[in-house]
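K.L.:
Contents are PDB, C-alpha atoms; file name start.pdb:
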ATOM      1  CA  MET A   1       0.000   0.000   0.000
ATOM      2  CA  THR A   2       1.217   3.468  -0.776
ATOM      3  CA  PRO A   3      -0.502   6.690   0.231
ATOM      4  CA  GLN A   4      -2.221   8.821  -2.401
ATOM      5  CA  ARG A   5       0.397  11.505  -2.220
ATOM      6  CA  VAL A   6       2.890  13.468  -4.294
ATOM      7  CA  THR A   7       5.253  15.464  -2.126
ATOM      8  CA  LEU A   8       7.720  16.803  -4.660
ATOM      9  CA  ILE A   9       7.517  17.143  -8.428
ATOM     10  CA  THR A  10      10.994  17.449  -9.888
ATOM     11  CA  LEU A  11      11.390  18.742 -13.425
ATOM     12  CA  GLY A  12      14.595  17.844 -15.233
ATOM     13  CA  VAL A  13      15.991  20.961 -16.929
ATOM     14  CA  ALA A  14      18.700  21.462 -19.540
ATOM     15  CA  ASP A  15      20.066  24.623 -17.944
ATOM     16  CA  LEU A  16      19.180  25.407 -14.368
ATOM     17  CA  ALA A  17      19.977  29.117 -14.630
ATOM     18  CA  THR A  18      17.694  29.469 -17.644
ATOM     19  CA  SER A  19      14.867  27.645 -15.913
ATOM     20  CA  ARG A  20      15.295  29.531 -12.645
ATOM     21  CA  ALA A  21      15.047  32.780 -14.584
ATOM     22  CA  PHE A  22      12.008  31.534 -16.461
ATOM     23  CA  TYR A  23      10.070  30.513 -13.355
ATOM     24  CA  GLY A  24      11.144  33.766 -11.770
ATOM     25  CA  ARG A  25       9.550  35.604 -14.674
ATOM     26  CA  LEU A  26       6.379  33.621 -13.993
ATOM     27  CA  GLY A  27       6.423  35.193 -10.563
ATOM     28  CA  TRP A  28       7.495  32.065  -8.686
ATOM     29  CA  VAL A  29       9.674  32.741  -5.651
ATOM     30  CA  GLU A  30      12.301  30.228  -4.614
ATOM     31  CA  HIS A  31      12.222  28.881  -1.104
ATOM     32  CA  GLY A  32      15.230  29.248   1.173
ATOM     33  CA  GLN A  33      15.713  25.478   0.939
ATOM     34  CA  SER A  34      16.982  25.972  -2.609
ATOM     35  CA  GLN A  35      20.648  25.302  -3.258
ATOM     36  CA  SER A  36      23.028  26.183  -6.052
ATOM     37  CA  GLY A  37      22.176  22.964  -7.852
ATOM     38  CA  VAL A  38      18.470  22.689  -7.191
ATOM     39  CA  ALA A  39      15.580  25.162  -6.997
ATOM     40  CA  PHE A  40      12.564  24.535  -4.763
ATOM     41  CA  TYR A  41       9.203  26.309  -4.847
ATOM     42  CA  GLN A  42       6.591  25.840  -2.122
ATOM     43  CA  MET A  43       3.138  24.995  -3.467
ATOM     44  CA  GLN A  44      -0.047  24.078  -1.569
ATOM     45  CA  GLY A  45       1.133  21.180   0.566
ATOM     46  CA  ALA A  46       3.765  20.058  -1.934
ATOM     47  CA  VAL A  47       6.895  21.330  -3.635
ATOM     48  CA  LEU A  48       8.103  21.842  -7.214
ATOM     49  CA  GLY A  49      11.802  21.296  -7.873
ATOM     50  CA  LEU A  50      14.064  22.142 -10.813
ATOM     51  CA  PHE A  51      17.154  19.965 -11.240
ATOM     52  CA  ASP A  52      19.738  19.445 -13.965
ATOM     53  CA  VAL A  53      18.389  16.757 -16.272
ATOM     54  CA  ASN A  54      21.642  14.817 -16.427
ATOM     55  CA  GLU A  55      21.880  14.778 -12.656
ATOM     56  CA  LEU A  56      18.232  13.738 -12.531
ATOM     57  CA  ALA A  57      18.957  10.854 -14.899
ATOM     58  CA  ALA A  58      21.955   9.787 -12.843
ATOM     59  CA  ASP A  59      19.881  10.032  -9.689
ATOM     60  CA  GLN A  60      17.223   7.854 -11.316
ATOM     61  CA  GLY A  61      19.907   5.344 -12.265
ATOM     62  CA  ARG A  62      19.370   5.663 -16.008
ATOM     63  CA  PRO A  63      21.843   6.680 -18.726
ATOM     64  CA  GLY A  64      19.888   9.672 -19.922
ATOM     65  CA  VAL A  65      16.609  11.486 -20.100
ATOM     66  CA  THR A  66      14.768  12.984 -23.050
ATOM     67  CA  LEU A  67      13.112  16.339 -22.495
ATOM     68  CA  GLY A  68      10.074  17.744 -24.183
ATOM     69  CA  VAL A  69       7.997  14.665 -24.865
ATOM     70  CA  GLY A  70       4.987  15.783 -22.876
ATOM     71  CA  ALA A  71       4.107  12.471 -21.214
ATOM     72  CA  VAL A  72       3.028  14.362 -18.105
ATOM     73  CA  THR A  73       0.821  17.415 -17.809
ATOM     74  CA  LEU A  74       0.988  19.705 -14.807
ATOM     75  CA  ALA A  75      -2.317  21.519 -14.564
ATOM     76  CA  GLN A  76      -3.100  24.731 -12.734
ATOM     77  CA  ASN A  77      -6.770  25.338 -12.174
ATOM     78  CA  TYR A  78      -8.270  28.789 -11.826
ATOM     79  CA  ALA A  79     -11.646  30.093 -10.759
ATOM     80  CA  THR A  80     -12.535  31.958 -13.969
ATOM     81  CA  GLU A  81     -11.793  32.017 -17.710
ATOM     82  CA  ALA A  82     -10.381  35.504 -17.284
ATOM     83  CA  GLU A  83      -7.884  34.218 -14.733
ATOM     84  CA  VAL A  84      -6.861  31.464 -17.161
ATOM     85  CA  ASP A  85      -6.366  34.017 -19.933
ATOM     86  CA  ALA A  86      -4.329  36.309 -17.703
ATOM     87  CA  ALA A  87      -2.085  33.514 -16.469
ATOM     88  CA  PHE A  88      -1.666  32.144 -19.988
ATOM     89  CA  ALA A  89      -0.636  35.560 -21.276
ATOM     90  CA  ALA A  90       1.825  35.861 -18.399
ATOM     91  CA  ALA A  91       3.326  32.477 -19.264
ATOM     92  CA  LEU A  92       3.852  33.476 -22.907
ATOM     93  CA  GLU A  93       5.244  36.830 -21.803
ATOM     94  CA  ALA A  94       7.721  34.943 -19.642
ATOM     95  CA  GLY A  95       8.882  32.936 -22.646
ATOM     96  CA  GLY A  96       6.572  29.934 -22.484
ATOM     97  CA  GLN A  97       5.642  28.326 -25.801
ATOM     98  CA  ALA A  98       1.937  28.151 -26.592
ATOM     99  CA  LEU A  99       0.815  24.649 -27.506
ATOM    100  CA  ARG A 100      -2.898  25.362 -27.572
ATOM    101  CA  MET A 101      -4.461  28.700 -26.748
ATOM    102  CA  PRO A 102      -7.142  28.637 -24.030
ATOM    103  CA  GLU A 103     -10.570  27.762 -25.393
ATOM    104  CA  LYS A 104     -13.828  26.198 -24.312
ATOM    105  CA  VAL A 105     -13.336  22.436 -24.261
ATOM    106  CA  PHE A 106     -15.599  19.444 -24.642
ATOM    107  CA  TRP A 107     -15.762  18.581 -20.946
ATOM    108  CA  GLY A 108     -17.443  21.865 -20.103
ATOM    109  CA  GLY A 109     -14.463  23.860 -18.979
ATOM    110  CA  TYR A 110     -11.890  26.169 -20.505
ATOM    111  CA  SER A 111      -8.243  25.285 -20.975
ATOM    112  CA  GLY A 112      -5.006  25.879 -22.825
ATOM    113  CA  TYR A 113      -1.531  24.375 -22.858
ATOM    114  CA  TRP A 114       1.940  25.882 -22.876
ATOM    115  CA  ALA A 115       5.431  24.412 -22.561
ATOM    116  CA  ASP A 116       8.329  25.624 -20.443
ATOM    117  CA  PRO A 117      11.898  25.946 -21.797
ATOM    118  CA  ASP A 118      12.427  22.185 -21.408
ATOM    119  CA  GLY A 119       9.145  21.165 -22.980
ATOM    120  CA  HIS A 120       7.420  20.438 -19.673
ATOM    121  CA  VAL A 121       3.735  20.861 -20.380
ATOM    122  CA  TRP A 122       1.491  23.051 -18.242
ATOM    123  CA  GLU A 123      -2.269  23.193 -18.656
ATOM    124  CA  LEU A 124      -4.164  26.236 -17.394
ATOM    125  CA  ALA A 125      -7.804  25.430 -16.830
ATOM    126  CA  MET A 126     -11.108  26.545 -15.378
ATOM    127  CA  ASN A 127     -13.286  23.595 -14.424
ATOM    128  CA  PRO A 128     -16.739  24.704 -13.273
ATOM    129  CA  PHE A 129     -17.318  21.309 -11.681
ATOM    130  CA  TRP A 130     -14.178  21.422  -9.527
ATOM    131  CA  PRO A 131     -14.272  24.492  -7.258
ATOM    132  CA  LEU A 132     -10.974  25.426  -5.652
ATOM    133  CA  ALA A 133     -10.540  26.147  -1.967
ATOM    134  CA  ASP A 134      -9.389  29.596  -0.893
ATOM    135  CA  ASP A 135      -5.798  28.322  -0.655
ATOM    136  CA  GLY A 136      -5.896  27.041  -4.234
ATOM    137  CA  SER A 137      -6.111  23.408  -3.186
ATOM    138  CA  LEU A 138      -8.554  21.022  -4.807
ATOM    139  CA  THR A 139     -10.695  18.498  -3.006
ATOM    140  CA  LEU A 140     -12.800  16.666  -5.546
ATOM    141  CA  PRO A 141     -16.553  17.138  -5.053
ATOM    142  CA  GLY A 142     -19.068  14.398  -4.451
TER     143      GLY A 142
ATOM    144  CA  MET B   1       2.257  36.121 -12.635
ATOM    145  CA  THR B   2       1.094  32.611 -11.986
ATOM    146  CA  PRO B   3       0.426  31.056  -8.593
ATOM    147  CA  GLN B   4       2.810  28.450  -7.213
ATOM    148  CA  ARG B   5       0.344  25.670  -7.656
ATOM    149  CA  VAL B   6      -0.157  22.292  -9.307
ATOM    150  CA  THR B   7      -3.760  21.177  -9.161
ATOM    151  CA  LEU B   8      -3.718  18.053 -11.282
ATOM    152  CA  ILE B   9      -0.880  15.820 -12.425
ATOM    153  CA  THR B  10      -1.944  13.811 -15.451
ATOM    154  CA  LEU B  11       0.098  10.779 -16.443
ATOM    155  CA  GLY B  12      -0.222   9.605 -20.026
ATOM    156  CA  VAL B  13      -0.649   5.832 -20.086
ATOM    157  CA  ALA B  14      -0.463   3.253 -22.870
ATOM    158  CA  ASP B  15      -3.377   1.198 -21.580
ATOM    159  CA  LEU B  16      -5.758   2.731 -19.100
ATOM    160  CA  ALA B  17      -7.093  -0.595 -17.819
ATOM    161  CA  THR B  18      -3.559  -1.819 -17.111
ATOM    162  CA  SER B  19      -2.658   1.369 -15.282
ATOM    163  CA  ARG B  20      -5.899   1.476 -13.308
ATOM    164  CA  ALA B  21      -5.228  -2.077 -12.152
ATOM    165  CA  PHE B  22      -1.655  -1.218 -11.272
ATOM    166  CA  TYR B  23      -2.534   1.811  -9.148
ATOM    167  CA  GLY B  24      -5.290  -0.244  -7.590
ATOM    168  CA  ARG B  25      -2.672  -2.800  -6.555
ATOM    169  CA  LEU B  26      -0.742   0.071  -4.981
ATOM    170  CA  GLY B  27      -3.793   0.631  -2.824
ATOM    171  CA  TRP B  28      -4.925   3.793  -4.561
ATOM    172  CA  VAL B  29      -8.691   4.267  -4.643
ATOM    173  CA  GLU B  30     -10.327   6.051  -7.542
ATOM    174  CA  HIS B  31     -12.517   9.023  -6.817
ATOM    175  CA  GLY B  32     -16.120   9.079  -7.971
ATOM    176  CA  GLN B  33     -15.165  11.822 -10.439
ATOM    177  CA  SER B  34     -13.411   9.179 -12.518
ATOM    178  CA  GLN B  35     -14.926   8.308 -15.866
ATOM    179  CA  SER B  36     -14.507   5.436 -18.305
ATOM    180  CA  GLY B  37     -11.721   7.283 -20.076
ATOM    181  CA  VAL B  38      -9.936   8.922 -17.180
ATOM    182  CA  ALA B  39      -9.056   7.876 -13.625
ATOM    183  CA  PHE B  40      -8.752  10.433 -10.819
ATOM    184  CA  TYR B  41      -7.183   9.954  -7.393
ATOM    185  CA  GLN B  42      -7.535  12.523  -4.618
ATOM    186  CA  MET B  43      -4.225  13.476  -3.015
ATOM    187  CA  GLN B  44      -3.490  16.122  -0.374
ATOM    188  CA  GLY B  45      -4.964  19.245  -1.962
ATOM    189  CA  ALA B  46      -4.336  18.040  -5.504
ATOM    190  CA  VAL B  47      -5.291  15.228  -7.851
ATOM    191  CA  LEU B  48      -3.483  12.568  -9.884
ATOM    192  CA  GLY B  49      -5.040  11.568 -13.195
ATOM    193  CA  LEU B  50      -4.422   8.691 -15.611
ATOM    194  CA  PHE B  51      -5.328   9.305 -19.246
ATOM    195  CA  ASP B  52      -4.676   7.536 -22.530
ATOM    196  CA  VAL B  53      -1.376   8.843 -23.869
ATOM    197  CA  ASN B  54      -2.640   9.380 -27.403
ATOM    198  CA  GLU B  55      -5.600  11.339 -26.110
ATOM    199  CA  LEU B  56      -3.205  13.274 -23.881
ATOM    200  CA  ALA B  57      -1.044  14.096 -26.899
ATOM    201  CA  ALA B  58      -4.075  15.183 -28.900
ATOM    202  CA  ASP B  59      -5.271  17.276 -25.971
ATOM    203  CA  GLN B  60      -1.838  18.894 -25.772
ATOM    204  CA  GLY B  61      -2.016  19.637 -29.496
ATOM    205  CA  ARG B  62       1.001  17.534 -30.403
ATOM    206  CA  PRO B  63       1.293  14.565 -32.798
ATOM    207  CA  GLY B  64       2.513  12.105 -30.212
ATOM    208  CA  VAL B  65       4.061  11.527 -26.857
ATOM    209  CA  THR B  66       6.943   9.258 -25.835
ATOM    210  CA  LEU B  67       6.563   7.365 -22.602
ATOM    211  CA  GLY B  68       9.242   6.223 -20.246
ATOM    212  CA  VAL B  69      11.842   8.933 -20.591
ATOM    213  CA  GLY B  70      11.859   9.957 -16.935
ATOM    214  CA  ALA B  71      12.041  13.710 -17.429
ATOM    215  CA  VAL B  72       9.843  14.170 -14.381
ATOM    216  CA  THR B  73      10.071  12.528 -10.984
ATOM    217  CA  LEU B  74       7.069  12.265  -8.702
ATOM    218  CA  ALA B  75       8.348  11.899  -5.163
ATOM    219  CA  GLN B  76       6.537  10.553  -2.145
ATOM    220  CA  ASN B  77       8.133  11.430   1.144
ATOM    221  CA  TYR B  78       7.790   9.288   4.253
ATOM    222  CA  ALA B  79       8.644   9.799   7.902
ATOM    223  CA  THR B  80      11.066   6.874   8.297
ATOM    224  CA  GLU B  81      13.389   4.622   6.298
ATOM    225  CA  ALA B  82      11.248   1.655   7.275
ATOM    226  CA  GLU B  83       8.214   3.313   5.733
ATOM    227  CA  VAL B  84      10.194   3.923   2.540
ATOM    228  CA  ASP B  85      11.258   0.277   2.423
ATOM    229  CA  ALA B  86       7.717  -0.959   3.010
ATOM    230  CA  ALA B  87       6.241   1.278   0.334
ATOM    231  CA  PHE B  88       9.014   0.379  -2.100
ATOM    232  CA  ALA B  89       8.382  -3.322  -1.563
ATOM    233  CA  ALA B  90       4.674  -2.744  -2.104
ATOM    234  CA  ALA B  91       5.402  -0.947  -5.367
ATOM    235  CA  LEU B  92       7.523  -3.832  -6.662
ATOM    236  CA  GLU B  93       4.894  -6.305  -5.482
ATOM    237  CA  ALA B  94       2.343  -4.367  -7.493
ATOM    238  CA  GLY B  95       4.474  -4.700 -10.613
ATOM    239  CA  GLY B  96       6.580  -1.564 -10.426
ATOM    240  CA  GLN B  97      10.078  -1.762 -11.915
ATOM    241  CA  ALA B  98      12.931  -0.994  -9.542
ATOM    242  CA  LEU B  99      15.279   1.643 -10.935
ATOM    243  CA  ARG B 100      17.358   2.100  -7.801
ATOM    244  CA  MET B 101      16.728   0.324  -4.515
ATOM    245  CA  PRO B 102      16.324   2.591  -1.470
ATOM    246  CA  GLU B 103      19.628   3.561   0.067
ATOM    247  CA  LYS B 104      21.203   6.328   2.091
ATOM    248  CA  VAL B 105      21.938   9.201  -0.251
ATOM    249  CA  PHE B 106      24.429  12.035  -0.330
ATOM    250  CA  TRP B 107      22.007  14.740   0.789
ATOM    251  CA  GLY B 108      21.465  13.065   4.127
ATOM    252  CA  GLY B 109      18.260  11.195   3.429
ATOM    253  CA  TYR B 110      17.212   7.818   2.135
ATOM    254  CA  SER B 111      15.634   7.210  -1.243
ATOM    255  CA  GLY B 112      14.923   4.824  -4.083
ATOM    256  CA  TYR B 113      13.275   4.988  -7.497
ATOM    257  CA  TRP B 114      10.804   2.780  -9.290
ATOM    258  CA  ALA B 115       8.901   3.119 -12.566
ATOM    259  CA  ASP B 116       5.233   2.430 -13.242
ATOM    260  CA  PRO B 117       4.028   0.434 -16.285
ATOM    261  CA  ASP B 118       4.480   3.483 -18.527
ATOM    262  CA  GLY B 119       7.892   4.399 -17.218
ATOM    263  CA  HIS B 120       6.662   7.244 -15.025
ATOM    264  CA  VAL B 121       9.264   7.600 -12.319
ATOM    265  CA  TRP B 122       8.393   7.633  -8.633
ATOM    266  CA  GLU B 123      10.913   8.385  -5.917
ATOM    267  CA  LEU B 124      10.235   7.192  -2.371
ATOM    268  CA  ALA B 125      12.221   9.176   0.135
ATOM    269  CA  MET B 126      12.792  10.024   3.762
ATOM    270  CA  ASN B 127      14.206  13.495   4.195
ATOM    271  CA  PRO B 128      15.088  14.229   7.831
ATOM    272  CA  PHE B 129      15.214  17.944   7.073
ATOM    273  CA  TRP B 130      11.689  18.085   5.643
ATOM    274  CA  PRO B 131       9.177  16.880   8.248
ATOM    275  CA  LEU B 132       5.733  16.042   6.916
ATOM    276  CA  ALA B 133       2.511  17.293   8.439
ATOM    277  CA  ASP B 134       0.046  14.783   9.848
ATOM    278  CA  ASP B 135      -1.931  14.888   6.600
ATOM    279  CA  GLY B 136       1.175  14.036   4.566
ATOM    280  CA  SER B 137       1.544  17.538   3.175
ATOM    281  CA  LEU B 138       4.897  19.280   3.076
ATOM    282  CA  THR B 139       5.555  22.862   4.055
ATOM    283  CA  LEU B 140       9.236  23.589   3.640
ATOM    284  CA  PRO B 141      10.959  24.560   6.885
ATOM    285  CA  GLY B 142      12.785  27.788   7.545
TER     286      GLY B 142
END
Have the structure of the file written as structure tokens, please.
P.N.:
Amino acid sequence: MTPQRVTLITLGVADLATSRAFYGRLGWVEHGQSQSGVAFYQMQGAVLGLFDVNELAADQGRPGVTLGVGAVTLAQNYATEAEVDAAFAAALEAGGQALRMPEKVFWGGYSGYWADPDGHVWELAMNPFWPLADDGSLTLPG
Amino acid sequence: MTPQRVTLITLGVADLATSRAFYGRLGWVEHGQSQSGVAFYQMQGAVLGLFDVNELAADQGRPGVTLGVGAVTLAQNYATEAEVDAAFAAALEAGGQALRMPEKVFWGGYSGYWADPDGHVWELAMNPFWPLADDGSLTLPG
């Protein structure tokens, strides 16, 4: 048995300085736990980390890692379409690459996708069926 | 500006039935929000989703997605080394592939890596410098 938990999401990055600057432009503030070789950002009850992709591969015990394949999506939900649009514009302004502009989608919400400098895919979404708590956390309804 | 938040982590999977069964063997319980084509699991303030990788690629607006490259690590932290060992054994028992058995690591903790049926990489760790809250959430110290 394992708990239903993710504590830390670590993104492998080609150049840590580039990625630190990028997430800084997104408005993310590094936590004091960050070190020269790894950047940490506090989220709601969990942490995002940035780490050199070759070191990540070595740490995982594999010869190498391929960036930019999009096998994982990290989604940020927002309360309104306007908030999605504003955050999406901010991501492009910061240097994110638009994959799909925000639009109404088949499941009744509103979403768009962009990629960070290493091809990590972020989805920005408004889901009217999944209200967020005041702290931005999500507890599924029903 | 974007908030420091991940609401939903979606893993692209080659065969949803296989992956549902696998996470079920890990002891994860699907939330009632799940549908035939997508599985959702409530975590602490966020959600993990499993979704067909070709549908994920289409949703991301890209021609395809490559699984198993390990560019992202999803870490679960535990309070003790024994808890890491027990969870790691449970993951292998469920059919997870060991990448690196748990061991003491250079940063002062204890960690190992395993991969799920699609090559998504999970790290199980005990970090003595990062105590977990009772609900399993992590607020970085200092």
K.L.:
Rank nothing, just name the residue among B:Val121, B:Leu138, B:Val13, B:Ala91 nearest to Asn54 (chain B), using only C-alpha atoms.
P.N.:
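Checking each of B:Val121, B:Leu138, B:Val13, B:Ala91 against Asn54 (chain B), counting only C-alpha atoms, the winner is B:Val13.
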K.L.:
Check every residue of chain B for an atom within 7 Å of chain A, counting all atoms listed in the file, and provide those that qualify as a count of residues only.
P.N.:
43
K.L.:
Could you state the separation of CA of Asp134 (chain B) and CA of Thr80 (chain B) in Å, given to one decimal place?
P.N.:
13.7 Å
K.L.:
So which one's closest to Asp52 (chain A), A:Ala21, A:Leu92, A:Val38, A:Ala79? Using only C-alpha atoms, please.
P.N.:
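Closest residue, counting only C-alpha atoms: A:Val38.
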K.L.:
At what distance in Å, to one decimal, does CA of Asp85 (chain B) lie from CA of Phe22 (chain B)?
P.N.:
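Answer for the CA of Phe22 (chain B) to CA of Asp85 (chain B) separation: 18.9 Å.
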K.L.:
Taking only C-alpha atoms into account, which of A:Glu55, A:Glu103, A:Asp116, A:Glu81 comes nearest Arg20 (chain A)?
P.N.:
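When distances to Arg20 (chain A) are compared using only C-alpha atoms, the smallest one comes from A:Asp116.
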K.L.:
Kindly give the distance, in Å, that separates CA of Gly96 (chain A) and CA of Ser34 (chain A), rounded to a single decimal.
P.N.:
22.8 Å
K.L.:
With 6 Å on each side, where is the centre of the axis-aligned box around all listed atoms of region 13-17 of chain B, and how long are its edges in Å to one decimal, as AutoDock Vina command-line options?
P.N.:
--center_x -3.8 --center_y 2.6 --center_z -20.3 --size_x 18.6 --size_y 18.4 --size_z 17.1
K.L.:
Give the answer as one residue: which of B:Gly95, B:Phe106, B:Ala82, B:Ala17 has the shortest atom-to-atom distance to Met126 (chain B), using all atoms listed in the file?
P.N.:
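Distance minimum relative to Met126 (chain B) lands on B:Ala82.
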